[in-house]
Amino acid sequence: MIQVRSTPAGIVLSGSLPVGTVAYIDREWLTIRDAAVPALIVEGDPGSARPGEIGGDPAGVAAAAFGAVAAEAVSLLDGLPASSVEIEGEGILAWAIRDRLGAAVPRAATGLAGKIWPRTRPDPGAVIDTTGRSNVIVGSTRRLAKLGTLVLAGWMGQDGLSINLYPDLHVRGLRLVGVPLPRVGARTPGPAHRLDPPTVVALGQPLPPARWYRLDPETA
Amino acid sequence: MAGLIGRSKQELRDQVIARLGRVGYSPRSLGEAQRDVLWWIWARVQATRAMRPLLRGWGIAWTSGGYAELVPSEVPRPGRAQVTVEVEISAVSPGTERAQYLHLPNAAVGMLGRPGYSAAGVVAMVGAGVEGLAVGDRVAVTGAAHASIATVPATSVFAVPPSVSMESAALIQLGIIGWQGLRRAGLGSGDRFCVMGGGLVGAMALRLAVAGGSVPVGVIARSRAKEKVAREGGTPAFLVLGEDDAAIGALGSPVVIEATGDPAAIAVAVAAAGERGRIVLLGSPRGTTEHLDLEEVQRRRLEIIGAHVDTVDSEPALPGTLSGRRQAGEEFIRALGEGRLSVDDLAGPAIDPREAGLFYRRLAGSRDLVGAHFDWARLPVKERVGSGHLLRLPDIAAKGMEADRRPVHPGRRWASNRFSLEDPFAGATGHLRVAMLGCGDIAVHNAGALVRAPNLALVSCYDPTTRLAEDLAGRFGGEVAPSAEALIGRGDVDLVLVSVPHHLHAPLAIQALEHGHHVVVEKPVAHSLEAAVAMARAAQQAGVVLSVCFPQRYEPEVAVARGLIQDGALGELAGVAIRLHLDKTPAYWLGGFSGRSRSDWRASKERAGGGVLIMNLSHHLDLMRHLGGVEAELISALRGTTDEPREVEDAISLSVSFANGALGSVLGTSAMRGTAPEELRAWGRHGQVVVAPRPRVFTLRAVDGVRTARWQTFGHLPVVPARAVYLSRLATAIDQGRPVDIPASDGLAVQALIEAAYRSSESHQSVRPADLLADAVK
């Protein structure tokens, strides 16, 4: 089990991995401190050059797994133009989805920009959430256009969602649909998207900023 | 600065409210005045905008916290592309309207809001540019609040074929809601689904889906209360939460239509859904869903889809095609007409619109009602649709909102025979010859009543103080008898009227009864229960009438109150309150209120039997029985002497428990300086009647002549010679051989109440009057 902890030096991973496996962790899965985090555990030697093969090159397996989630999330948009879709999150999954959708997919506006920017843009027809955070999810429901779609592709186990379904979902006819987290063996039809390589980290090592991380057995 | 502005606004508001309070406005009536003004303005804005005159009918409104009532409703005549419908049936959406009535979350109704949105009726007027509809056509209407009249866009009106009942047609908006749910679910022929919630929305969705060829796998509900309706809708299984949880979890339904309105129900919907299942929110959740488990939604790739009816036209219709709402409505009516869909049983019971307040109270407390509808045909025809007046001033008086301020009066609109009393002597027959024993204080009133009544005559009187008898005979006729025995022995006497100190009631009355005379005694029957029973026994053995004089029964306000209670204004009796406050000065104890006959018998426990209770409150105890119609089962009493020490009480308090569970409170004193208004009121679950101090009624029942949910006076009642009426009716009953209005048994019942109260005050225990009476008659 992998856990994330806050230390004076920064955020670190702790725990252990089964021998012969590596773990891939999206940065958006690391929001809860002192708790277990999901991880894509892949068997194999990260150095072997068998990309995309199940049980072979872990990097290829991970890319396929994350790519499959991105593909499934995009498939739920019912042909919406990319300009009408917003992506919540800055991890590898969000990046993969943006990459799959194509250019000029706006990031969801948060913070001060979020207070200003939404007024200049029409309501999105869909939001794909990769954060799993309840405040972000609720905020997304309120931003969506009528009959819009919210795809839940983040880690939903972070906190229980308290939501007023009536104004936040029912009245505007929104659609909330779940996409499971990446799993080993998942594949997408067609060529796999290339993902930027993860940042390799060790247990107990402060995590540098990155879209995703790889925790190696040698470093575990 | 913002804080100062806020304070001054609040101060200004408080000052205005205080000033309005001084002229009779309470916060509640102020709210009602505001509501009426807003609706008045709104109606005139609508009329001016459309440049059409106003029409007037009646509609249901939330008038103040917890109250719903029928109020005047104004709508403009139809303008271009509009239709005015005279509504016959308006369907209740129980879940929505219950939530609105109880101010539940997500159910706000603003001051201009009114309940209801689905109705059926007949086209009354058609605006320019409307095709396909004519005056007299049967139609279903969406967006029509509960009212006898509605002016709506023609696009909200759907023709109804003769084969479809108005009750079914009135459910049209519910049909559109259900249709939208199925559409958002993508439910097609052969698709499996389940429904959560047995209420109207769920039942409608179930039937629409079955009519469309979809296959139900079950209905899930909190209880079995609505199972019958669900089974008749075609469900093969009815699963109850807490009993069938395993079966619910095993359903694996591809589509779950969630129609409970319970924010926690989504968790059950998630459990019932299969992999990649679609959960359609058709009911409006009343509150926040806590800890929604999105992990499960994510893991099983579930969809949660909002399907509020407001989204039915969110996607623009293609040119030449109908809007979503129009398509859904027409399909609903078509399915009814072709027999593919049956919803008559979902219409539920018919409710009189005047009883809206009562209905919503029941709805608030009951989750068993699937459907109901207001039947506007129960209003008089001329009330349903009439001409409005643009220049009519708004009703800011908020009449009838408060018990003591600006009540409604019976007038033209609420006119009824109830408030106009017939000639009280109509039908009087016979000619009773009366002799009076006792010519003191109350005897003068009795003699005057005898003369006033058309079928009685005073033939003789006797009093130990001869001058009193001579005075009475001189004023009212008859001969002065030399003794009580002589008077009783006369052969030309039919009835002896006994107006003497209480301890003399029994010996004199029994003597008269044994001589074969009918007897009337002044209240109470006697100074003790034992003596009263002896008198009743003597009357029974002699085969003649013994009656006790309780003339207050014939006061017009009492007669009206009793009629209202018998017509259901209160519902079942729940409570009675009686207050009597007198100031018996020292002179009273030596000669009564008038001082006519000097005697101190009233201060003697042995001769009077007691104080304010037996002397004065006996009338009220009789009225309590006469009005309430329920016997007192248990009495607890406290008594005391608060003024100068006397043998008899000048203060007494009774707690009364009635046979049906109602409670009563009786408080009397004869030592209150300045006195206070007398009070007599009775109430039940449906209303309240006040006989004193100011006769009026408040009822949620539709009672002839009374506006529901407003305090209404009895109007200007005639002065009735109550005592004379009592005696005249007694004479008529004796002449015709019928039972008299106030037989000995009534007198005994009151006597038992009095005895129970005195015993309770001595023993400090509750006493059963029935037990005392039973012991006394053994």
# chains A, B, ... in the order shown; residues from 1 in each chain; ligands from 1
>>> select_by_dssp(residues="stretch 5-207 of chain A", states="alpha helix (DSSP H)", output="NGL selection string")
:A and (58-75 or 92-101 or 111-116 or 134-143 or 165)
>>> interface_residues(of="chain A", to="chain B", cutoff="7 Å", atoms="only C-alpha atoms", output="PyMOL selection string")
chain A and resi 152+156-157+160-166+169-180
>>> select_by_dssp(residues="stretch 411-579 of chain B", states="strand (DSSP E or B)", output="ChimeraX atom specification")
/B:432-437,456-462,479-480,495-498,518-522,546-549,573-579
>>> residues_around(residues="stretch 219-231 of chain B", least_positions_apart="4", cutoff="12 Å", atoms="only C-alpha atoms", output="ChimeraX atom specification")
/B:193-207,210,215,235-245,247-249,251,253,255-262,264-265,268-269,271-272,342-348,366-371
>>> residues_around(residues="B:Glu522", least_positions_apart="6", cutoff="8 Å", atoms="only C-alpha atoms", output="list in words")
Leu497, Val498, Ser499, Val500, Val548, Cys549 and Phe550 of chain B
>>> closest_residue(among="A:Ile2, A:Pro58, A:Gly20, A:Ala64", to="A:Val37", atoms="only C-alpha atoms")
A:Ile2
>>> residues_around(residues="A:Thr21", least_positions_apart="4", cutoff="6 Å", atoms="only C-alpha atoms", output="ChimeraX atom specification")
/A:42-44
>>> residues_around(residues="stretch 399-414 of chain B", least_positions_apart="2", cutoff="6 Å", atoms="only C-alpha atoms", output="count of residues only")
9
>>> residues_around(residues="stretch 572-584 of chain B", least_positions_apart="5", cutoff="6 Å", atoms="only C-alpha atoms", output="VMD selection string")
chain B and resid 662 to 673 675 to 676 678 to 684
>>> atom_distance(atom1="atom CA of A:Pro198", atom2="atom CA of A:Ala39")
13.1 Å
>>> atom_distance(atom1="atom CA of A:Arg187", atom2="atom CA of A:Ala68")
5.4 Å
>>> atom_distance(atom1="atom CA of A:Asp196", atom2="atom CA of A:Leu30")
18.8 Å
>>> decode(residues="stretch 90-103 of chain A", atoms="all heavy atoms", output="mmCIF file, in the first residue's frame")
data_model
loop_
_atom_site.group_PDB
_atom_site.id
_atom_site.type_symbol
_atom_site.label_atom_id
_atom_site.label_comp_id
_atom_site.auth_asym_id
_atom_site.auth_seq_id
_atom_site.Cartn_x
_atom_site.Cartn_y
_atom_site.Cartn_z
ATOM 1 N N GLU A 90 -4.453 18.610 -13.477
ATOM 2 C CA GLU A 90 -3.160 18.886 -14.119
ATOM 3 C C GLU A 90 -2.282 17.647 -14.166
ATOM 4 O O GLU A 90 -1.089 17.753 -14.447
ATOM 5 C CB GLU A 90 -2.437 20.010 -13.357
ATOM 6 C CG GLU A 90 -3.157 21.347 -13.409
ATOM 7 C CD GLU A 90 -3.291 21.901 -14.807
ATOM 8 O OE1 GLU A 90 -2.396 21.657 -15.640
ATOM 9 O OE2 GLU A 90 -4.302 22.574 -15.092
ATOM 10 N N GLY A 91 -2.859 16.498 -13.887
ATOM 11 C CA GLY A 91 -2.065 15.282 -13.906
ATOM 12 C C GLY A 91 -1.965 14.700 -15.303
ATOM 13 O O GLY A 91 -2.420 15.304 -16.291
ATOM 14 N N ILE A 92 -1.376 13.525 -15.371
ATOM 15 C CA ILE A 92 -1.131 12.897 -16.662
ATOM 16 C C ILE A 92 -2.437 12.528 -17.345
ATOM 17 O O ILE A 92 -2.542 12.573 -18.580
ATOM 18 C CB ILE A 92 -0.209 11.654 -16.502
ATOM 19 C CG1 ILE A 92 0.270 11.177 -17.879
ATOM 20 C CG2 ILE A 92 -0.921 10.561 -15.745
ATOM 21 C CD1 ILE A 92 1.087 12.208 -18.635
ATOM 22 N N LEU A 93 -3.427 12.150 -16.545
ATOM 23 C CA LEU A 93 -4.699 11.753 -17.153
ATOM 24 C C LEU A 93 -5.340 12.965 -17.828
ATOM 25 O O LEU A 93 -5.833 12.883 -18.953
ATOM 26 C CB LEU A 93 -5.624 11.166 -16.079
ATOM 27 C CG LEU A 93 -6.930 10.567 -16.589
ATOM 28 C CD1 LEU A 93 -6.667 9.537 -17.670
ATOM 29 C CD2 LEU A 93 -7.702 9.936 -15.437
ATOM 30 N N ALA A 94 -5.335 14.079 -17.125
ATOM 31 C CA ALA A 94 -5.890 15.297 -17.725
ATOM 32 C C ALA A 94 -5.128 15.662 -18.994
ATOM 33 O O ALA A 94 -5.710 16.043 -20.011
ATOM 34 C CB ALA A 94 -5.824 16.449 -16.708
ATOM 35 N N TRP A 95 -3.814 15.520 -18.916
ATOM 36 C CA TRP A 95 -2.990 15.843 -20.081
ATOM 37 C C TRP A 95 -3.328 14.919 -21.233
ATOM 38 O O TRP A 95 -3.428 15.335 -22.386
ATOM 39 C CB TRP A 95 -1.508 15.735 -19.678
ATOM 40 C CG TRP A 95 -0.580 16.162 -20.751
ATOM 41 C CD1 TRP A 95 -0.083 17.392 -20.970
ATOM 42 C CD2 TRP A 95 -0.039 15.299 -21.766
ATOM 43 N NE1 TRP A 95 0.736 17.407 -22.061
ATOM 44 C CE2 TRP A 95 0.788 16.128 -22.573
ATOM 45 C CE3 TRP A 95 -0.146 13.950 -22.070
ATOM 46 C CZ2 TRP A 95 1.486 15.628 -23.657
ATOM 47 C CZ3 TRP A 95 0.557 13.471 -23.156
ATOM 48 C CH2 TRP A 95 1.351 14.299 -23.936
ATOM 49 N N ALA A 96 -3.491 13.633 -20.931
ATOM 50 C CA ALA A 96 -3.791 12.651 -21.976
ATOM 51 C C ALA A 96 -5.133 12.951 -22.628
ATOM 52 O O ALA A 96 -5.319 12.813 -23.831
ATOM 53 C CB ALA A 96 -3.804 11.246 -21.376
ATOM 54 N N ILE A 97 -6.073 13.383 -21.804
ATOM 55 C CA ILE A 97 -7.397 13.696 -22.351
ATOM 56 C C ILE A 97 -7.304 14.925 -23.247
ATOM 57 O O ILE A 97 -7.867 14.961 -24.352
ATOM 58 C CB ILE A 97 -8.410 13.917 -21.213
ATOM 59 C CG1 ILE A 97 -8.627 12.597 -20.449
ATOM 60 C CG2 ILE A 97 -9.728 14.448 -21.747
ATOM 61 C CD1 ILE A 97 -9.421 12.742 -19.168
ATOM 62 N N ARG A 98 -6.579 15.923 -22.746
ATOM 63 C CA ARG A 98 -6.429 17.128 -23.576
ATOM 64 C C ARG A 98 -5.746 16.785 -24.886
ATOM 65 O O ARG A 98 -6.126 17.266 -25.961
ATOM 66 C CB ARG A 98 -5.605 18.180 -22.834
ATOM 67 C CG ARG A 98 -6.328 18.806 -21.668
ATOM 68 C CD ARG A 98 -5.631 20.061 -21.139
ATOM 69 N NE ARG A 98 -6.313 20.511 -19.941
ATOM 70 C CZ ARG A 98 -5.911 20.219 -18.700
ATOM 71 N NH1 ARG A 98 -4.803 19.517 -18.493
ATOM 72 N NH2 ARG A 98 -6.609 20.637 -17.663
ATOM 73 N N ASP A 99 -4.756 15.962 -24.783
ATOM 74 C CA ASP A 99 -4.016 15.582 -25.991
ATOM 75 C C ASP A 99 -4.927 14.837 -26.968
ATOM 76 O O ASP A 99 -4.878 15.050 -28.184
ATOM 77 C CB ASP A 99 -2.823 14.710 -25.577
ATOM 78 C CG ASP A 99 -1.917 14.415 -26.757
ATOM 79 O OD1 ASP A 99 -1.462 15.381 -27.409
ATOM 80 O OD2 ASP A 99 -1.670 13.230 -27.031
ATOM 81 N N ARG A 100 -5.765 13.986 -26.427
ATOM 82 C CA ARG A 100 -6.645 13.191 -27.285
ATOM 83 C C ARG A 100 -7.690 14.079 -27.944
ATOM 84 O O ARG A 100 -8.124 13.829 -29.073
ATOM 85 C CB ARG A 100 -7.299 12.105 -26.440
ATOM 86 C CG ARG A 100 -8.098 11.096 -27.213
ATOM 87 C CD ARG A 100 -8.451 9.928 -26.319
ATOM 88 N NE ARG A 100 -7.352 8.992 -26.190
ATOM 89 C CZ ARG A 100 -7.105 8.000 -27.059
ATOM 90 N NH1 ARG A 100 -7.862 7.840 -28.103
ATOM 91 N NH2 ARG A 100 -6.095 7.188 -26.841
ATOM 92 N N LEU A 101 -8.163 15.093 -27.225
ATOM 93 C CA LEU A 101 -9.188 15.977 -27.766
ATOM 94 C C LEU A 101 -8.631 16.932 -28.812
ATOM 95 O O LEU A 101 -9.373 17.458 -29.639
ATOM 96 C CB LEU A 101 -9.834 16.790 -26.636
ATOM 97 C CG LEU A 101 -10.970 16.085 -25.885
ATOM 98 C CD1 LEU A 101 -11.386 16.905 -24.673
ATOM 99 C CD2 LEU A 101 -12.158 15.862 -26.790
ATOM 100 N N GLY A 102 -7.358 17.182 -28.725
ATOM 101 C CA GLY A 102 -6.790 18.067 -29.725
ATOM 102 C C GLY A 102 -6.472 19.419 -29.153
ATOM 103 O O GLY A 102 -6.578 19.704 -27.973
ATOM 104 N N ALA A 103 -6.085 20.324 -30.050
ATOM 105 C CA ALA A 103 -5.573 21.612 -29.617
ATOM 106 C C ALA A 103 -6.666 22.476 -29.020
ATOM 107 O O ALA A 103 -7.851 22.258 -29.227
ATOM 108 C CB ALA A 103 -4.944 22.318 -30.818
#
